[in-house]
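input.pdb follows; it contains PDB, C-alpha atoms.
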```
ATOM      1  CA  MET U   1      85.039  76.924  66.457
ATOM      2  CA  SER U   2      88.183  77.670  68.463
ATOM      3  CA  LYS U   3      89.309  75.263  71.155
ATOM      4  CA  PRO U   4      88.134  76.270  74.678
ATOM      5  CA  GLN U   5      90.913  77.652  76.864
ATOM      6  CA  ASN U   6      92.299  75.760  79.821
ATOM      7  CA  LEU U   7      91.245  77.177  83.154
ATOM      8  CA  GLY U   8      93.208  77.339  86.373
ATOM      9  CA  ASP U   9      91.711  76.325  89.689
ATOM     10  CA  PHE U  10      91.031  79.870  90.882
ATOM     11  CA  GLU U  11      89.866  81.007  87.435
ATOM     12  CA  GLN U  12      87.082  78.415  87.544
ATOM     13  CA  ILE U  13      86.014  79.608  90.970
ATOM     14  CA  MET U  14      85.956  83.215  89.801
ATOM     15  CA  LEU U  15      83.893  82.403  86.708
ATOM     16  CA  LEU U  16      81.395  80.412  88.775
ATOM     17  CA  ALA U  17      81.104  83.235  91.325
ATOM     18  CA  ILE U  18      80.468  85.750  88.522
ATOM     19  CA  LEU U  19      77.796  83.482  87.074
ATOM     20  CA  ARG U  20      76.141  83.096  90.469
ATOM     21  CA  LEU U  21      76.031  86.870  90.905
ATOM     22  CA  LYS U  22      74.484  87.523  87.511
ATOM     23  CA  GLN U  23      71.270  88.941  88.987
ATOM     24  CA  ALA U  24      72.753  90.843  91.930
ATOM     25  CA  GLY U  25      75.684  92.231  89.958
ATOM     26  CA  ALA U  26      79.193  90.785  89.981
ATOM     27  CA  TYR U  27      81.731  93.385  91.070
ATOM     28  CA  GLY U  28      84.928  93.083  93.120
ATOM     29  CA  VAL U  29      83.469  93.134  96.640
ATOM     30  CA  ALA U  30      80.516  90.864  95.809
ATOM     31  CA  ILE U  31      82.732  88.317  94.025
ATOM     32  CA  ARG U  32      85.105  88.148  96.981
ATOM     33  CA  ARG U  33      82.245  87.666  99.452
ATOM     34  CA  GLU U  34      80.623  85.001  97.307
ATOM     35  CA  ILE U  35      83.861  83.010  97.150
ATOM     36  CA  ALA U  36      84.482  83.426 100.887
ATOM     37  CA  GLU U  37      80.959  82.258 101.723
ATOM     38  CA  ARG U  38      80.909  79.222  99.457
ATOM     39  CA  THR U  39      84.472  77.928  99.573
ATOM     40  CA  LEU U  40      87.259  77.460 102.107
ATOM     41  CA  ARG U  41      89.187  80.256 100.447
ATOM     42  CA  ARG U  42      89.636  83.792 101.696
ATOM     43  CA  PRO U  43      90.993  85.487  98.600
ATOM     44  CA  THR U  44      92.697  88.855  99.002
ATOM     45  CA  PRO U  45      91.518  91.815  96.920
ATOM     46  CA  GLY U  46      94.774  91.609  94.966
ATOM     47  CA  ALA U  47      94.065  88.007  93.954
ATOM     48  CA  ILE U  48      90.580  89.006  92.785
ATOM     49  CA  TYR U  49      91.687  91.942  90.628
ATOM     50  CA  THR U  50      94.652  90.210  89.051
ATOM     51  CA  THR U  51      92.494  87.212  88.144
ATOM     52  CA  LEU U  52      89.807  89.502  86.714
ATOM     53  CA  GLU U  53      92.489  91.234  84.628
ATOM     54  CA  ARG U  54      93.709  87.876  83.368
ATOM     55  CA  LEU U  55      90.216  86.583  82.586
ATOM     56  CA  GLU U  56      89.339  89.786  80.747
ATOM     57  CA  GLY U  57      92.612  89.587  78.825
ATOM     58  CA  LYS U  58      91.725  86.050  77.751
ATOM     59  CA  GLY U  59      88.280  87.209  76.634
ATOM     60  CA  LEU U  60      86.522  85.005  79.201
ATOM     61  CA  VAL U  61      84.785  87.907  80.937
ATOM     62  CA  THR U  62      83.673  91.384  79.915
ATOM     63  CA  SER U  63      83.071  94.365  82.131
ATOM     64  CA  ARG U  64      80.976  97.503  82.197
ATOM     65  CA  VAL U  65      81.074 100.535  84.447
ATOM     66  CA  GLY U  66      78.110 101.005  86.776
ATOM     67  CA  ASP U  67      76.853 103.955  88.759
ATOM     68  CA  ALA U  68      78.842 105.792  91.417
ATOM     69  CA  THR U  69      77.583 105.586  95.013
ATOM     70  CA  PRO U  70      78.325 107.752  98.084
ATOM     71  CA  ALA U  71      79.398 104.678 100.122
ATOM     72  CA  ARG U  72      82.199 104.200  97.616
ATOM     73  CA  GLY U  73      83.371 107.806  97.759
ATOM     74  CA  GLY U  74      81.568 108.591  94.510
ATOM     75  CA  ARG U  75      83.418 105.871  92.658
ATOM     76  CA  ALA U  76      81.707 103.638  90.116
ATOM     77  CA  LYS U  77      81.433  99.859  90.368
ATOM     78  CA  ARG U  78      82.766  97.689  87.581
ATOM     79  CA  PHE U  79      80.444  94.776  86.812
ATOM     80  CA  TYR U  80      81.681  91.586  85.207
ATOM     81  CA  GLU U  81      79.914  89.056  82.999
ATOM     82  CA  VAL U  82      81.080  85.706  81.686
ATOM     83  CA  THR U  83      81.416  85.638  77.893
ATOM     84  CA  ARG U  84      80.465  82.791  75.580
ATOM     85  CA  ALA U  85      84.154  81.785  75.486
ATOM     86  CA  GLY U  86      84.167  81.761  79.289
ATOM     87  CA  LEU U  87      81.125  79.500  79.409
ATOM     88  CA  GLN U  88      82.690  77.157  76.859
ATOM     89  CA  ALA U  89      85.908  76.996  78.879
ATOM     90  CA  LEU U  90      83.964  76.194  82.063
ATOM     91  CA  GLN U  91      81.871  73.591  80.275
ATOM     92  CA  GLN U  92      84.992  71.973  78.828
ATOM     93  CA  THR U  93      86.716  71.839  82.220
ATOM     94  CA  HIS U  94      83.697  70.269  83.900
ATOM     95  CA  THR U  95      83.259  67.753  81.102
ATOM     96  CA  GLU U  96      86.872  66.733  81.653
ATOM     97  CA  TYR U  97      86.271  66.374  85.386
ATOM     98  CA  ARG U  98      83.175  64.267  84.803
ATOM     99  CA  ASN U  99      85.015  62.053  82.317
ATOM    100  CA  LEU U 100      87.792  61.501  84.824
ATOM    101  CA  MET U 101      85.379  60.814  87.664
ATOM    102  CA  ASP U 102      83.299  58.399  85.625
ATOM    103  CA  GLY U 103      83.834  54.925  87.010
ATOM    104  CA  VAL U 104      85.733  56.049  90.101
ATOM    105  CA  GLU U 105      83.441  54.581  92.734
ATOM    106  CA  VAL U 106      84.765  56.585  95.675
ATOM    107  CA  LEU U 107      83.991  59.848  93.909
ATOM    108  CA  GLU U 108      80.678  58.693  92.454
ATOM    109  CA  SER U 109      79.372  57.923  95.937
ATOM    110  CA  LEU U 110      80.151  61.501  96.996
ATOM    111  CA  TYR U 111      77.791  62.890  94.373
ATOM    112  CA  ALA U 112      75.151  60.169  94.535
TER
ATOM    113  CA  MET S   1      85.139 110.925  88.510
ATOM    114  CA  PRO S   2      86.521 111.951  91.938
ATOM    115  CA  GLU S   3      89.806 113.801  92.016
ATOM    116  CA  ALA S   4      92.738 111.511  91.227
ATOM    117  CA  ASN S   5      94.913 110.957  94.315
ATOM    118  CA  LEU S   6      98.213 109.157  94.828
ATOM    119  CA  THR S   7      96.566 105.719  95.127
ATOM    120  CA  HIS S   8      94.723 106.320  91.876
ATOM    121  CA  ARG S   9      97.916 107.355  90.102
ATOM    122  CA  LEU S  10      99.778 104.292  91.366
ATOM    123  CA  LEU S  11      96.950 101.956  90.343
ATOM    124  CA  THR S  12      96.860 103.434  86.834
ATOM    125  CA  TRP S  13     100.430 102.199  86.323
ATOM    126  CA  PHE S  14      98.917  98.734  86.099
ATOM    127  CA  VAL S  15      95.235  99.092  85.165
ATOM    128  CA  SER S  16      92.998 101.494  83.262
ATOM    129  CA  PRO S  17      91.746 104.643  85.064
ATOM    130  CA  GLN S  18      88.210 103.206  85.159
ATOM    131  CA  GLN S  19      89.450  99.976  86.692
ATOM    132  CA  ALA S  20      91.576 101.925  89.191
ATOM    133  CA  GLU S  21      88.489 103.886  90.202
ATOM    134  CA  ALA S  22      86.484 100.683  90.647
ATOM    135  CA  ILE S  23      89.232  99.112  92.786
ATOM    136  CA  GLN S  24      89.411 102.180  95.021
ATOM    137  CA  GLY S  25      85.639 102.194  95.341
ATOM    138  CA  ASP S  26      85.586  98.497  96.262
ATOM    139  CA  LEU S  27      88.272  98.941  98.904
ATOM    140  CA  ARG S  28      86.534 101.963 100.362
ATOM    141  CA  GLU S  29      83.221 100.070 100.468
ATOM    142  CA  GLU S  30      84.860  97.205 102.362
ATOM    143  CA  TYR S  31      87.362  98.949 104.595
ATOM    144  CA  GLY S  32      86.223 102.584 104.875
ATOM    145  CA  ARG S  33      88.260 105.517 103.744
ATOM    146  CA  HIS S  34      90.749 105.887 106.540
ATOM    147  CA  GLY S  35      92.537 103.396 108.694
ATOM    148  CA  TRP S  36      95.330 100.914 108.489
ATOM    149  CA  ARG S  37      93.208  98.139 106.955
ATOM    150  CA  TYR S  38      92.450 100.286 103.938
ATOM    151  CA  ALA S  39      96.117 101.232 103.589
ATOM    152  CA  VAL S  40      97.212  97.587 103.929
ATOM    153  CA  GLN S  41      94.734  96.422 101.299
ATOM    154  CA  VAL S  42      95.714  99.182  98.864
ATOM    155  CA  THR S  43      99.353  98.168  99.270
ATOM    156  CA  GLN S  44      98.462  94.515  98.849
ATOM    157  CA  VAL S  45      96.535  95.221  95.627
ATOM    158  CA  LEU S  46      99.397  97.328  94.255
ATOM    159  CA  LEU S  47     101.915  94.580  95.029
ATOM    160  CA  ALA S  48      99.638  91.943  93.502
ATOM    161  CA  LEU S  49      99.192  93.960  90.309
ATOM    162  CA  PHE S  50     102.938  94.607  90.143
ATOM    163  CA  VAL S  51     103.765  90.911  90.487
ATOM    164  CA  HIS S  52     100.973  90.059  88.029
ATOM    165  CA  HIS S  53     102.513  92.341  85.407
ATOM    166  CA  LEU S  54     105.973  90.911  86.030
ATOM    167  CA  ARG S  55     104.581  87.418  85.546
ATOM    168  CA  GLN S  56     102.852  88.422  82.317
ATOM    169  CA  THR S  57     106.263  88.938  80.742
ATOM    170  CA  PRO S  58     108.592  86.670  82.687
ATOM    171  CA  SER S  59     110.885  85.633  79.863
ATOM    172  CA  PRO S  60     112.530  88.979  78.989
ATOM    173  CA  VAL S  61     113.114  89.766  82.673
ATOM    174  CA  PHE S  62     114.539  86.338  83.309
ATOM    175  CA  ILE S  63     116.790  86.388  80.231
ATOM    176  CA  LEU S  64     118.036  89.871  81.095
ATOM    177  CA  CYS S  65     118.899  88.754  84.630
ATOM    178  CA  ILE S  66     120.726  85.683  83.414
ATOM    179  CA  ALA S  67     122.627  87.706  80.793
ATOM    180  CA  CYS S  68     123.624  90.281  83.431
ATOM    181  CA  LEU S  69     124.637  87.517  85.786
ATOM    182  CA  LEU S  70     126.861  85.760  83.261
ATOM    183  CA  LEU S  71     128.497  88.935  82.010
ATOM    184  CA  LEU S  72     129.166  90.342  85.455
ATOM    185  CA  LYS S  73     130.299  87.055  86.943
ATOM    186  CA  ILE S  74     132.840  86.768  84.125
ATOM    187  CA  LEU S  75     133.975  90.347  84.763
ATOM    188  CA  GLU S  76     134.175  89.617  88.487
ATOM    189  CA  MET S  77     136.340  86.555  87.974
ATOM    190  CA  LEU S  78     138.554  88.290  85.424
ATOM    191  CA  GLY S  79     138.884  91.340  87.640
ATOM    192  CA  LEU S  80     139.784  89.253  90.672
ATOM    193  CA  PHE S  81     142.284  87.185  88.705
ATOM    194  CA  VAL S  82     143.942  90.201  87.086
ATOM    195  CA  MET S  83     144.031  92.167  90.306
ATOM    196  CA  LEU S  84     145.472  89.395  92.465
ATOM    197  CA  PHE S  85     147.941  87.871  90.047
ATOM    198  CA  VAL S  86     148.791  90.438  87.387
ATOM    199  CA  LEU S  87     148.309  94.015  88.516
ATOM    200  CA  GLU S  88     149.098  96.060  91.525
ATOM    201  CA  PHE S  89     146.146  97.679  93.273
ATOM    202  CA  ASN S  90     144.247  99.697  90.691
ATOM    203  CA  THR S  91     141.320 102.067  91.160
ATOM    204  CA  ALA S  92     139.725 101.089  87.849
ATOM    205  CA  VAL S  93     139.789  97.420  88.810
ATOM    206  CA  LEU S  94     138.286  98.320  92.171
ATOM    207  CA  GLY S  95     135.442 100.061  90.331
ATOM    208  CA  VAL S  96     134.763  97.025  88.162
ATOM    209  CA  MET S  97     134.864  94.749  91.198
ATOM    210  CA  ALA S  98     132.524  96.968  93.195
ATOM    211  CA  ALA S  99     130.043  97.108  90.331
ATOM    212  CA  SER S 100     130.168  93.404  89.574
ATOM    213  CA  LEU S 101     130.068  92.296  93.215
ATOM    214  CA  THR S 102     126.966  94.431  93.736
ATOM    215  CA  VAL S 103     125.025  94.010  90.515
ATOM    216  CA  ALA S 104     125.800  90.384  89.690
ATOM    217  CA  PRO S 105     124.377  88.875  92.888
ATOM    218  CA  LEU S 106     121.330  91.149  92.640
ATOM    219  CA  ALA S 107     120.715  89.994  89.085
ATOM    220  CA  SER S 108     121.168  86.361  90.036
ATOM    221  CA  TYR S 109     118.822  86.660  93.013
ATOM    222  CA  LEU S 110     116.192  88.418  90.942
ATOM    223  CA  ALA S 111     116.400  85.613  88.392
ATOM    224  CA  ALA S 112     116.300  82.895  91.033
ATOM    225  CA  TYR S 113     113.454  84.476  92.992
ATOM    226  CA  SER S 114     111.405  85.197  89.889
ATOM    227  CA  CYS S 115     111.525  81.417  89.326
ATOM    228  CA  LEU S 116     110.689  80.666  92.955
ATOM    229  CA  ARG S 117     107.590  82.844  92.660
ATOM    230  CA  TRP S 118     106.114  80.170  90.427
ATOM    231  CA  LEU S 119     106.502  77.521  93.112
ATOM    232  CA  PRO S 120     103.291  76.727  94.947
ATOM    233  CA  GLY S 121     103.441  78.203  98.400
ATOM    234  CA  PHE S 122     106.090  80.847  97.747
ATOM    235  CA  GLY S 123     103.705  83.729  98.223
ATOM    236  CA  ARG S 124     103.881  87.476  98.213
ATOM    237  CA  PRO S 125     105.011  87.909 101.846
ATOM    238  CA  GLN S 126     108.122  85.897 101.030
ATOM    239  CA  VAL S 127     108.694  87.979  97.908
ATOM    240  CA  ALA S 128     108.398  91.172  99.975
ATOM    241  CA  ILE S 129     110.858  89.877 102.610
ATOM    242  CA  THR S 130     113.217  88.799  99.853
ATOM    243  CA  ALA S 131     113.069  92.228  98.221
ATOM    244  CA  LEU S 132     113.920  93.813 101.580
ATOM    245  CA  LEU S 133     116.837  91.415 102.090
ATOM    246  CA  LEU S 134     118.118  92.202  98.613
ATOM    247  CA  LEU S 135     118.156  95.896  99.423
ATOM    248  CA  VAL S 136     120.064  95.218 102.650
ATOM    249  CA  TYR S 137     122.433  92.980 100.730
ATOM    250  CA  ALA S 138     123.124  95.655  98.107
ATOM    251  CA  GLY S 139     123.793  98.186 100.871
ATOM    252  CA  VAL S 140     126.170  95.842 102.711
ATOM    253  CA  ASN S 141     127.978  95.114  99.440
ATOM    254  CA  VAL S 142     128.614  98.743  98.670
ATOM    255  CA  ILE S 143     129.719  99.601 102.218
ATOM    256  CA  LEU S 144     132.088  96.633 102.491
ATOM    257  CA  ILE S 145     133.704  97.183  99.132
ATOM    258  CA  MET S 146     134.076 100.917  99.521
ATOM    259  CA  THR S 147     135.637 100.589 102.987
ATOM    260  CA  LEU S 148     137.742  97.408 102.774
ATOM    261  CA  GLY S 149     138.503  97.963  99.077
ATOM    262  CA  ARG S 150     140.637 100.964  99.936
ATOM    263  CA  ASP S 151     143.199  98.590 101.439
ATOM    264  CA  GLY S 152     143.917  97.140  98.019
ATOM    265  CA  PRO S 153     143.544  93.586  96.709
ATOM    266  CA  MET S 154     143.618  91.950 100.119
ATOM    267  CA  GLY S 155     140.867  94.294 101.273
ATOM    268  CA  ILE S 156     138.748  93.287  98.289
ATOM    269  CA  ALA S 157     139.430  89.639  99.063
ATOM    270  CA  ALA S 158     138.372  90.228 102.674
ATOM    271  CA  ALA S 159     135.195  91.985 101.516
ATOM    272  CA  ALA S 160     134.418  89.155  99.108
ATOM    273  CA  GLY S 161     134.889  86.636 101.937
ATOM    274  CA  ARG S 162     132.422  88.456 104.177
ATOM    275  CA  LEU S 163     129.974  88.796 101.330
ATOM    276  CA  MET S 164     130.037  85.053 100.815
ATOM    277  CA  LEU S 165     128.605  84.644 104.306
ATOM    278  CA  PHE S 166     125.757  87.010 103.473
ATOM    279  CA  GLU S 167     125.203  85.274 100.150
ATOM    280  CA  THR S 168     124.832  81.955 101.934
ATOM    281  CA  LEU S 169     122.146  83.419 104.181
ATOM    282  CA  PHE S 170     120.256  84.843 101.220
ATOM    283  CA  HIS S 171     120.358  81.532  99.441
ATOM    284  CA  ILE S 172     119.138  79.634 102.497
ATOM    285  CA  PHE S 173     116.141  81.891 103.151
ATOM    286  CA  PRO S 174     114.099  81.254  99.985
ATOM    287  CA  ILE S 175     114.959  77.564  99.907
ATOM    288  CA  VAL S 176     113.790  77.001 103.483
ATOM    289  CA  PHE S 177     110.669  79.103 102.967
ATOM    290  CA  ALA S 178     109.786  77.538  99.636
ATOM    291  CA  GLY S 179     110.326  74.055 101.083
ATOM    292  CA  TYR S 180     108.238  74.777 104.167
ATOM    293  CA  ARG S 181     105.386  76.371 102.229
ATOM    294  CA  PHE S 182     105.415  73.709  99.564
ATOM    295  CA  GLY S 183     105.186  71.025 102.228
ATOM    296  CA  LYS S 184     102.336  72.872 103.917
ATOM    297  CA  THR S 185     100.470  73.221 100.613
ATOM    298  CA  VAL S 186     100.738  69.489 100.076
ATOM    299  CA  GLN S 187      99.473  68.882 103.620
ATOM    300  CA  ASP S 188      96.550  71.268 103.017
ATOM    301  CA  SER S 189      95.679  69.483  99.789
ATOM    302  CA  GLU S 190      95.675  66.158 101.560
ATOM    303  CA  ALA S 191      93.455  67.641 104.267
ATOM    304  CA  GLY S 192      90.944  68.735 101.659
ATOM    305  CA  LEU S 193      91.944  72.408 101.531
ATOM    306  CA  SER S 194      92.774  71.896  97.893
ATOM    307  CA  GLY S 195      95.287  74.081  96.127
ATOM    308  CA  ARG S 196      96.884  77.317  96.992
ATOM    309  CA  HIS S 197      94.776  79.845  98.823
ATOM    310  CA  SER S 198      95.306  82.870  96.685
ATOM    311  CA  GLY S 199      96.397  85.888  98.583
TER
END
```

As structure tokens:
Amino acid sequence: MSKPQNLGDFEQIMLLAILRLKQAGAYGVAIRREIAERTLRRPTPGAIYTTLERLEGKGLVTSRVGDATPARGGRAKRFYEVTRAGLQALQQTHTEYRNLMDGVEVLESLYA
Amino acid sequence: MPEANLTHRLLTWFVSPQQAEAIQGDLREEYGRHGWRYAVQVTQVLLALFVHHLRQTPSPVFILCIACLLLLKILEMLGLFVMLFVLEFNTAVLGVMAASLTVAPLASYLAAYSCLRWLPGFGRPQVAITALLLLVYAGVNVILIMTLGRDGPMGIAAAAGRLMLFETLFHIFPIVFAGYRFGKTVQDSEAGLSGRHSG
């Protein structure tokens, strides 16, 4: 099995947002709103699309074209899903966090 | 697929046609078709994709800039030395000087700023301002050299002296900005607003 890839701060957030939107459908607008609602960040559309490009290039997400809607000027949505490699990378990152937090009392009390 | 317009064509420089269509659809869904917010966001996405593609292949760009810088700085020094101490005023030397005084600083700034882009806090607005300043700088270079250069070596020397003042300003700008933003990012991190807010 290949070694999971290292994830940047914003890449983790994007992957988590895509996972959260699995049922509703994770496309550009929804991902941006999800991040804005659940974090202190207000990512620009440019940050979203460049990160999606990067994640897709790394094989951490895949995408498929959805249906076109009138509200979008007849343009199709592009839905994203986290791949197995993406899940492994997330899992690895969070295992590392947990290992580092283990025994640090100040942090443990935050999650108690 | 709707008819391809200018935005679509520009986006397809960086992403696939399907992705370009999805981006346009997203922006229209959020900002409506017309209006300045839509235009601003389209521009922002195009700039972001442009910078993203530059960053994907930073090494060749950086090496090219450094190579240009070294070559042209050597030519500049040689030209200045030969012109001031060996030759009388010479049109060919003026041409070399004009080219090297214009292209060498541009290459060096591109190299330096492409590095600064990696610094936390040196965001896209600063890159845009820097690009604008570089254009102004190139224009000032050409005008100064083509007007003062006609007076011969001393004119070139005078032009070079004035350009040094401009160069100083251009060096100060990114350093001050990068320092300020970096400090602010650290402050934000300490305040719990961890990391750089992408955008």

_Need the shell around Glu29 in chain S: protein/DNA/RNA residues with any atom at most 8 Å away, counting only C-alpha atoms. Skip same-chain ones fewer than 2 positions apart. Format as number ranges by chain?_
U: 29, 71-72; S: 25-27, 31-32

*Kindly provide, as a PyMOL selection string, the residues of chain U having any atom no farther than 8 Å from an atom of chain S, counting only C-alpha atoms.*
chain U and resi 9-10+28-29+40-47+49-50+65+71-78

*Separation of CA of Gln12 in chain U from CA of Leu90 in chain U, in Å and rounded to one decimal*: 6.7 Å

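Atom pair CA of Leu107 in chain U / CA of Gln92 in chain U has a distance of 19.4 Å (rounded to one decimal).
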
Let me know the centre plus edge lengths, in Å and rounded to one decimal, of a box with edges along x, y and z that contains all listed atoms of range 57-64 of chain U and is padded by 6 Å on every side, as lines of an AutoDock Vina configuration file.
```
center_x = 86.8
center_y = 91.3
center_z = 79.4
size_x = 23.6
size_y = 24.5
size_z = 17.6
```

*In Å, with one decimal, what is the gap from CA of Glu11 in chain U to CA of Leu52 in chain U?*
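Calculated distance between CA of Glu11 in chain U and CA of Leu52 in chain U is 8.5 Å.
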
*Selection under test: the PyMOL selection byres ((chain U and resi 93-97) around 12); residues as a ChimeraX atom specification*: /U:3-9,11-13,15-16,86-92,98-104,107-108

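For Gln23 in chain U, the residues within 12 Å (counting only C-alpha atoms, excluding itself and residues fewer than 4 positions away along the chain) are Ala17, Ile18, Leu19, Tyr27, Ala30, Phe79, Tyr80 and Glu81 of chain U.
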
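Those residues returned by the PyMOL selection byres ((chain U and resi 61) around 6) for this file are Leu55, Glu56, Gly59, Leu60, Thr62, Glu81, Val82 and Thr83 of chain U.
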